[in-house]
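Chemist: Below you'll find upload20.txt; it's compact mmCIF, C-alpha atoms.
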```
# COMPACT_ATOMS: atom_id res chain seq x y z
CA MET A 138 -12.53 -19.38 -13.70
CA THR A 139 -15.36 -19.53 -16.24
CA TRP A 140 -16.96 -16.91 -18.46
CA GLU A 141 -19.76 -16.36 -15.96
CA HIS A 142 -17.21 -14.96 -13.52
CA LEU A 143 -16.56 -12.12 -15.95
CA GLU A 144 -20.20 -11.07 -15.83
CA ARG A 145 -21.40 -8.04 -13.92
CA GLY A 146 -22.66 -8.88 -10.45
CA SER A 147 -20.95 -12.29 -10.35
CA SER A 148 -18.99 -11.37 -7.21
CA PRO A 149 -20.43 -12.51 -3.87
CA VAL A 150 -19.31 -9.15 -2.43
CA ASP A 151 -21.50 -6.08 -2.71
CA TRP A 152 -20.58 -2.97 -0.74
CA CYS A 153 -22.98 -0.56 0.92
CA GLU A 154 -23.28 1.96 -1.89
CA GLY A 155 -26.35 1.48 -4.07
CA ASN A 156 -25.79 0.02 -7.53
CA TYR A 157 -26.21 1.89 -10.83
CA LEU A 158 -27.68 4.98 -9.16
CA VAL A 159 -25.45 7.51 -10.93
CA SER A 160 -24.55 5.78 -14.17
CA PRO A 161 -26.08 2.78 -15.96
CA ASP A 162 -22.55 1.60 -16.76
CA ILE A 163 -20.97 1.87 -13.28
CA ALA A 164 -22.30 -0.26 -10.42
CA GLU A 165 -20.81 1.66 -7.48
CA PHE A 166 -19.98 5.12 -8.75
CA VAL A 167 -18.34 6.63 -5.64
CA ASN A 168 -16.42 3.45 -4.88
CA THR A 169 -15.14 3.48 -8.46
CA VAL A 170 -14.01 7.10 -8.83
CA SER A 171 -12.53 7.21 -5.31
CA ASN A 172 -9.61 5.14 -6.65
CA VAL A 173 -8.32 8.15 -8.57
CA LEU A 174 -5.47 8.78 -6.10
CA PHE A 175 -4.02 5.36 -6.94
CA LEU A 176 -3.76 6.50 -10.55
CA LEU A 177 -2.49 10.04 -10.02
CA GLY A 178 -0.10 9.58 -7.10
CA PRO A 179 2.32 6.81 -8.16
CA PRO A 180 3.59 8.47 -11.39
CA PHE A 181 4.64 11.46 -9.32
CA LEU A 182 6.28 9.17 -6.74
CA ILE A 183 8.25 7.54 -9.56
CA TYR A 184 9.63 11.01 -10.32
CA LEU A 185 10.41 11.85 -6.68
CA PHE A 186 12.18 8.50 -6.18
CA LYS A 187 14.26 8.64 -9.36
CA ASP A 188 17.55 8.96 -7.44
CA TYR A 189 16.51 6.27 -4.97
CA GLY A 190 15.71 3.93 -7.85
CA ARG A 191 18.97 4.73 -9.62
CA PHE A 192 21.39 4.46 -6.71
CA ILE A 193 19.69 2.29 -4.08
CA GLN A 194 16.91 -0.04 -5.23
CA PRO A 195 15.37 0.09 -8.72
CA ALA A 196 12.54 -2.16 -7.51
CA ILE A 197 11.04 0.79 -5.64
CA HIS A 198 9.35 1.68 -8.91
CA LEU A 199 7.72 -1.76 -8.99
CA ILE A 200 5.85 -0.77 -5.83
CA TRP A 201 4.52 2.41 -7.40
CA VAL A 202 3.45 0.54 -10.55
CA LEU A 203 1.67 -2.07 -8.42
CA LEU A 204 -0.23 0.70 -6.64
CA ILE A 205 -1.50 1.86 -10.03
CA VAL A 206 -2.60 -1.71 -10.76
CA VAL A 207 -4.40 -1.76 -7.39
CA GLY A 208 -6.31 1.37 -8.37
CA LEU A 209 -7.24 0.05 -11.80
CA SER A 210 -8.31 -3.32 -10.40
CA SER A 211 -10.38 -1.75 -7.64
CA ALA A 212 -12.08 0.62 -10.08
CA TYR A 213 -12.89 -2.30 -12.41
CA PHE A 214 -14.32 -4.35 -9.56
CA HIS A 215 -16.56 -1.60 -8.19
CA ALA A 216 -17.69 -0.64 -11.69
CA THR A 217 -18.75 -4.19 -12.54
CA LEU A 218 -19.00 -6.16 -9.27
CA SER A 219 -17.64 -9.12 -11.20
CA LEU A 220 -15.80 -11.96 -9.51
CA LEU A 221 -12.81 -11.40 -11.78
CA GLY A 222 -12.71 -7.77 -10.69
CA GLN A 223 -12.93 -8.74 -7.04
CA LEU A 224 -10.05 -11.21 -7.31
CA LEU A 225 -7.88 -8.74 -9.24
CA ASP A 226 -8.57 -6.09 -6.61
CA GLU A 227 -7.71 -8.35 -3.69
CA LEU A 228 -4.73 -10.12 -5.22
CA THR A 229 -3.00 -6.91 -6.29
CA ILE A 230 -3.29 -5.69 -2.69
CA LEU A 231 -1.72 -8.94 -1.50
CA TRP A 232 1.15 -8.72 -3.98
CA VAL A 233 1.96 -5.05 -3.35
CA PHE A 234 2.14 -5.82 0.38
CA MET A 235 4.35 -8.86 -0.13
CA ALA A 236 6.60 -7.04 -2.60
CA THR A 237 7.14 -4.16 -0.18
CA LEU A 238 7.78 -6.53 2.72
CA SER A 239 10.19 -8.70 0.71
CA LEU A 240 12.22 -5.85 -0.77
CA PHE A 241 12.33 -3.30 2.03
CA CYS A 242 11.84 -5.01 5.39
CA PRO A 243 15.08 -4.50 7.41
CA ARG A 244 17.00 -7.75 7.81
CA ARG A 245 16.92 -7.54 11.62
CA HIS A 246 13.23 -8.45 11.45
CA PHE A 247 13.79 -11.61 9.38
CA PRO A 248 12.93 -14.86 11.20
CA ARG A 249 16.10 -16.70 12.19
CA ILE A 250 15.45 -19.48 9.71
CA PHE A 251 16.41 -17.10 6.87
CA LYS A 252 19.81 -16.27 8.42
CA ARG A 253 19.42 -12.61 7.32
CA SER A 254 19.33 -13.70 3.68
CA ARG A 255 17.03 -11.43 1.66
CA LYS A 256 17.08 -13.92 -1.21
CA ARG A 257 15.63 -16.65 1.01
CA PHE A 258 13.15 -14.24 2.54
CA CYS A 259 11.95 -13.04 -0.87
CA LEU A 260 11.62 -16.63 -2.09
CA SER A 261 9.51 -17.62 0.91
CA MET A 262 7.30 -14.55 0.53
CA THR A 263 6.83 -15.37 -3.16
CA ILE A 264 5.82 -18.95 -2.35
CA PHE A 265 3.42 -17.70 0.32
CA SER A 266 1.89 -15.23 -2.13
CA ILE A 267 1.41 -17.92 -4.78
CA VAL A 268 -0.29 -20.24 -2.28
CA ALA A 269 -2.47 -17.40 -0.97
CA THR A 270 -3.39 -16.51 -4.55
CA GLY A 271 -4.60 -20.06 -5.14
CA LEU A 272 -6.56 -20.16 -1.89
CA SER A 273 -8.30 -16.88 -2.73
CA PHE A 274 -10.33 -18.73 -5.39
CA CYS A 275 -11.76 -21.14 -2.82
CA HIS A 276 -13.86 -18.77 -0.71
CA PRO A 277 -13.88 -15.32 -2.38
CA ALA A 278 -16.40 -13.92 0.11
CA ILE A 279 -13.86 -14.00 2.95
CA ASN A 280 -10.85 -12.69 1.03
CA ALA A 281 -11.37 -9.08 2.08
CA PHE A 282 -11.48 -10.04 5.75
CA ALA A 283 -8.30 -12.10 5.38
CA LEU A 284 -6.51 -9.17 3.74
CA MET A 285 -7.35 -6.91 6.67
CA PHE A 286 -5.10 -9.05 8.86
CA LEU A 287 -2.11 -7.84 6.82
CA ALA A 288 -2.38 -4.61 8.78
CA ILE A 289 -1.21 -6.46 11.91
CA PRO A 290 2.36 -7.40 10.84
CA ALA A 291 2.71 -4.10 8.95
CA THR A 292 1.78 -2.07 12.02
CA TYR A 293 4.00 -4.21 14.26
CA LEU A 294 7.06 -3.76 12.04
CA LEU A 295 6.41 -0.03 11.79
CA TYR A 296 6.12 0.16 15.59
CA LYS A 297 9.44 -1.66 16.03
CA GLU A 298 11.18 0.71 13.63
CA LEU A 299 9.69 3.85 15.15
CA LYS A 300 10.99 2.78 18.56
CA ILE A 301 14.59 3.08 17.35
CA VAL A 302 14.42 5.75 14.65
CA GLN A 303 16.33 8.91 15.49
CA ASP A 304 14.82 11.25 12.92
CA GLU A 305 11.84 13.02 14.47
CA ARG A 306 10.31 13.74 11.06
CA VAL A 307 10.31 10.03 10.27
CA TYR A 308 8.71 9.31 13.64
CA ARG A 309 5.98 11.89 13.10
CA LEU A 310 5.22 10.51 9.63
CA GLY A 311 4.92 7.04 11.15
CA VAL A 312 2.45 8.28 13.75
CA ARG A 313 0.37 10.10 11.13
CA ASN A 314 0.46 7.04 8.89
CA THR A 315 -0.80 4.75 11.66
CA THR A 316 -3.56 7.21 12.59
CA ILE A 317 -4.80 7.39 8.99
CA LEU A 318 -4.66 3.58 8.73
CA MET A 319 -6.87 3.25 11.81
CA MET A 320 -9.34 5.77 10.33
CA ALA A 321 -9.38 3.79 7.08
CA ILE A 322 -10.09 0.52 8.92
CA VAL A 323 -12.94 2.15 10.85
CA CYS A 324 -14.48 3.25 7.54
CA TRP A 325 -14.06 -0.25 6.07
CA ILE A 326 -15.66 -1.97 9.07
CA ASN A 327 -18.56 0.47 9.24
CA ASP A 328 -19.34 0.11 5.54
CA ARG A 329 -19.11 -3.66 5.71
CA MET A 330 -20.78 -4.38 9.03
CA PHE A 331 -23.15 -1.48 9.62
CA CYS A 332 -24.46 -0.73 6.15
CA ASP A 333 -28.10 -0.46 7.25
CA THR A 334 -27.23 2.20 9.81
CA TRP A 335 -25.30 4.36 7.33
CA SER A 336 -27.87 3.83 4.60
CA SER A 337 -30.58 5.09 6.95
CA MET A 338 -28.54 8.28 7.22
CA ASN A 339 -28.25 8.46 3.42
CA PHE A 340 -24.47 8.08 3.56
CA PRO A 341 -23.49 4.63 2.21
CA TYR A 342 -20.13 5.91 0.96
CA LEU A 343 -17.64 4.95 3.65
CA HIS A 344 -15.92 2.43 1.38
CA GLY A 345 -15.06 5.33 -0.92
CA PHE A 346 -13.45 7.08 2.04
CA TRP A 347 -11.59 3.82 2.71
CA HIS A 348 -10.03 4.05 -0.75
CA ILE A 349 -8.86 7.61 -0.16
CA LEU A 350 -7.56 7.00 3.35
CA ILE A 351 -5.86 3.69 2.55
CA PHE A 352 -3.91 5.32 -0.27
CA MET A 353 -2.93 8.14 2.10
CA SER A 354 -1.67 5.43 4.46
CA ALA A 355 -0.23 2.90 2.00
CA TYR A 356 2.16 5.06 0.03
CA PRO A 357 3.70 6.77 3.11
CA ALA A 358 4.16 3.29 4.60
CA CYS A 359 6.12 2.33 1.47
CA VAL A 360 8.13 5.54 1.82
CA LEU A 361 8.90 4.75 5.46
CA PHE A 362 10.07 1.22 4.74
CA ALA A 363 12.15 2.50 1.83
CA TYR A 364 13.79 4.82 4.36
CA PHE A 365 14.29 2.03 6.92
CA PHE A 366 15.82 -0.19 4.24
CA VAL A 367 18.41 2.28 3.03
CA ASN A 368 19.17 3.51 6.54
CA ASP A 369 19.82 -0.08 7.59
CA GLU A 370 21.69 -1.44 4.56
CA ARG A 371 23.17 1.66 2.89
CA PRO A 372 23.74 4.21 5.67
CA GLU A 373 26.55 5.82 3.66
CA SER A 374 23.89 7.20 1.34
CA ARG A 375 22.68 9.43 4.20
CA PRO A 376 18.94 9.11 3.48
CA THR A 377 16.75 12.05 4.38
CA LEU A 378 12.98 12.20 4.58
CA LYS A 379 11.77 15.20 2.60
CA TYR A 380 8.46 16.63 1.49
CA TRP A 381 7.19 18.03 -1.78
CA PRO A 382 6.41 20.83 -2.63
CA ARG A 383 7.98 22.41 0.48
CA ASN A 384 10.31 20.53 2.76
CA ASP A 385 9.09 22.47 5.81
CA PHE A 386 5.47 21.46 5.14
CA GLU A 387 5.09 17.97 6.62
CA LEU A 388 1.61 17.47 5.18
CA GLY A 389 3.08 17.42 1.68
CA ILE A 390 4.16 14.36 -0.28
CA PRO A 391 6.95 12.48 1.55
CA TYR A 392 9.89 10.92 -0.26
CA VAL A 393 13.42 9.72 0.52
CA SER A 394 16.28 11.89 -0.68
CA ILE A 395 19.66 10.27 -1.28
CA ASN A 396 22.95 12.04 -0.62
CA TYR A 397 25.12 9.23 -1.89
CA GLU A 398 28.67 10.35 -2.78
CA LYS A 399 28.69 8.11 -5.84
CA LYS A 400 25.72 10.06 -7.10
CA PHE A 401 27.89 13.13 -7.31
CA ASP A 402 30.90 11.24 -8.67
CA ASP A 403 28.79 9.99 -11.58
CA ALA A 404 27.70 13.52 -12.36
CA ILE A 405 31.28 14.77 -12.73
```
Go ahead and render the structure in this file as structure tokens.
Modeler:
Amino acid sequence: MTWEHLERGSSPVDWCEGNYLVSPDIAEFVNTVSNVLFLLGPPFLIYLFKDYGRFIQPAIHLIWVLLIVVGLSSAYFHATLSLLGQLLDELTILWVFMATLSLFCPRRHFPRIFKRSRKRFCLSMTIFSIVATGLSFCHPAINAFALMFLAIPATYLLYKELKIVQDERVYRLGVRNTTILMMAIVCWINDRMFCDTWSSMNFPYLHGFWHILIFMSAYPACVLFAYFFVNDERPESRPTLKYWPRNDFELGIPYVSINYEKKFDDAI
């Protein structure tokens, strides 16, 4: 990495939106500001998951912090179109995926070689992430396409869990999450592959919609796997999927509520 890679426009990737049309300081204005949900949502999720973090898995807050880093990195990349910004954007996505998979994937899905050991699984995922991070510097132009393949194992694991889940609310959230993910991928592909068509219709902003939709898919996916994890490894905590601000409004913000007896013992 040299100084020239910090310069504006040094990235080989340029999305469909026209550059510097709104502000002389921001290359892709819509693609930059559309990351706002990554900055506003996670702090609130940290609050909603305070009991989960205290009694089940403190590392849940690492996931929310990484989502903020994703938003900041993506905004920096689209504002500058620098190679450094591109790599930060892509690598934070890789690491938030690997962190969620390592920490919250139910043990029954571990390959046999790990013998249901989360420590071994986390170590292997860390090594994989480090290697993938190094390889990302070799051909930066194809990184985004490679990252899209992460949707395959994520969707497969979610499908396997939804087949056995007994809570209908969890099942419905999983279906909505998958639907939004598919919509996000359609936006990404159209912006990347059919830019001329959308530009001719004066709407080169589908990558901005990708940012919005992928956040609306990513954080519920983290919520779902947090639920699967505690339901699998700490069933005595009686996890419940709830929604803010009203629990009967399933289009609200989902979170996992813990009814762990120790929680009440500590309060006495």
Chemist: Mind checking which residues fall within 9 Å of Phe258 (chain A), counting all atoms listed in the file, ignoring those fewer than 5 positions away in the same chain, and posting them as JSON, numbers by chain?
Modeler: {"A": [239, 247, 248, 251, 253, 263]}
Chemist: Given all atoms listed in the file as the basis, pick out the residue of A:Phe234, A:Trp152, A:Phe340, A:Phe352 nearest to Trp325 (chain A).
Modeler: A:Trp152
Chemist: List as a ChimeraX atom specification the protein and nucleic acid residues near region 285-290 of chain A, meaning an atom at most 10 Å away when only C-alpha atoms are counted, but skip any in the same chain fewer than 6 places from it.
Modeler: /A:230-231,234-235,238,296,315,318-319,322,325-326
Chemist: Between CA of Trp347 (chain A) and CA of Gly190 (chain A), what is the distance, to one decimal in Å?
Modeler: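 One can read the CA of Trp347 (chain A) to CA of Gly190 (chain A) distance as 29.3 Å.
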Chemist: Within 10 Å of (10.7, 7.4, -8.2), all atoms listed in the file: residues as a short mmCIF file (atom, residue, chain, number, x, y, z; two decimals) with C-alpha atoms, keeping the file's coordinate frame?
Modeler:
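The result, written out as out_18.cif:
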```cif
data_model
loop_
_atom_site.label_atom_id
_atom_site.label_comp_id
_atom_site.auth_asym_id
_atom_site.auth_seq_id
_atom_site.Cartn_x
_atom_site.Cartn_y
_atom_site.Cartn_z
CA PRO A 179 2.32 6.81 -8.16
CA PRO A 180 3.59 8.47 -11.39
CA PHE A 181 4.64 11.46 -9.32
CA LEU A 182 6.28 9.17 -6.74
CA ILE A 183 8.25 7.54 -9.56
CA TYR A 184 9.63 11.01 -10.32
CA LEU A 185 10.41 11.85 -6.68
CA PHE A 186 12.18 8.50 -6.18
CA LYS A 187 14.26 8.64 -9.36
CA ASP A 188 17.55 8.96 -7.44
CA TYR A 189 16.51 6.27 -4.97
CA GLY A 190 15.71 3.93 -7.85
CA ARG A 191 18.97 4.73 -9.62
CA PRO A 195 15.37 0.09 -8.72
CA ALA A 196 12.54 -2.16 -7.51
CA ILE A 197 11.04 0.79 -5.64
CA HIS A 198 9.35 1.68 -8.91
CA LEU A 199 7.72 -1.76 -8.99
CA ILE A 200 5.85 -0.77 -5.83
CA TRP A 201 4.52 2.41 -7.40
CA TYR A 392 9.89 10.92 -0.26
CA VAL A 393 13.42 9.72 0.52
#
```
Chemist: Could you tell me how far CA of Glu305 (chain A) lies from CA of Arg244 (chain A), in Å and to one decimal?
Modeler: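 Calculated distance between CA of Glu305 (chain A) and CA of Arg244 (chain A) is 22.4 Å.
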Chemist: Taking into account only C-alpha atoms, which residue in the set A:Val159, A:Ser147, A:Thr237, A:Cys259 is nearest to Gly222 (chain A)?
Modeler: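 That would be A:Ser147, the residue with the smallest distance to Gly222 (chain A).
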Chemist: Identify which of the residues A:Asp369, A:Glu165, A:Asp385, A:Asp333 lies closest to Ile301 (chain A), counting all atoms listed in the file when measuring atom-to-atom distances.
Modeler: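 So, comparing all the options, the nearest one is A:Asp369.
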Chemist: Would you mind reading off the distance between CA of Pro357 (chain A) and CA of Leu310 (chain A), one decimal, in Å?
Modeler: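 Separation of CA of Pro357 (chain A) and CA of Leu310 (chain A): 7.7 Å.
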Chemist: Determine the nearest neighbour of Leu218 (chain A) from the options A:Ser261, A:Asn156, A:Thr377, A:Ser266, counting all atoms listed in the file.
Modeler: A:Asn156
Chemist: For region 166-175 of chain A, find every residue with an atom within 12 Å (counting all atoms listed in the file), except residues of its own chain fewer than 6 positions away, and show them as a ChimeraX atom specification.
Modeler: /A:151-160,181-182,200-218,222,226,230,325,328,340-356
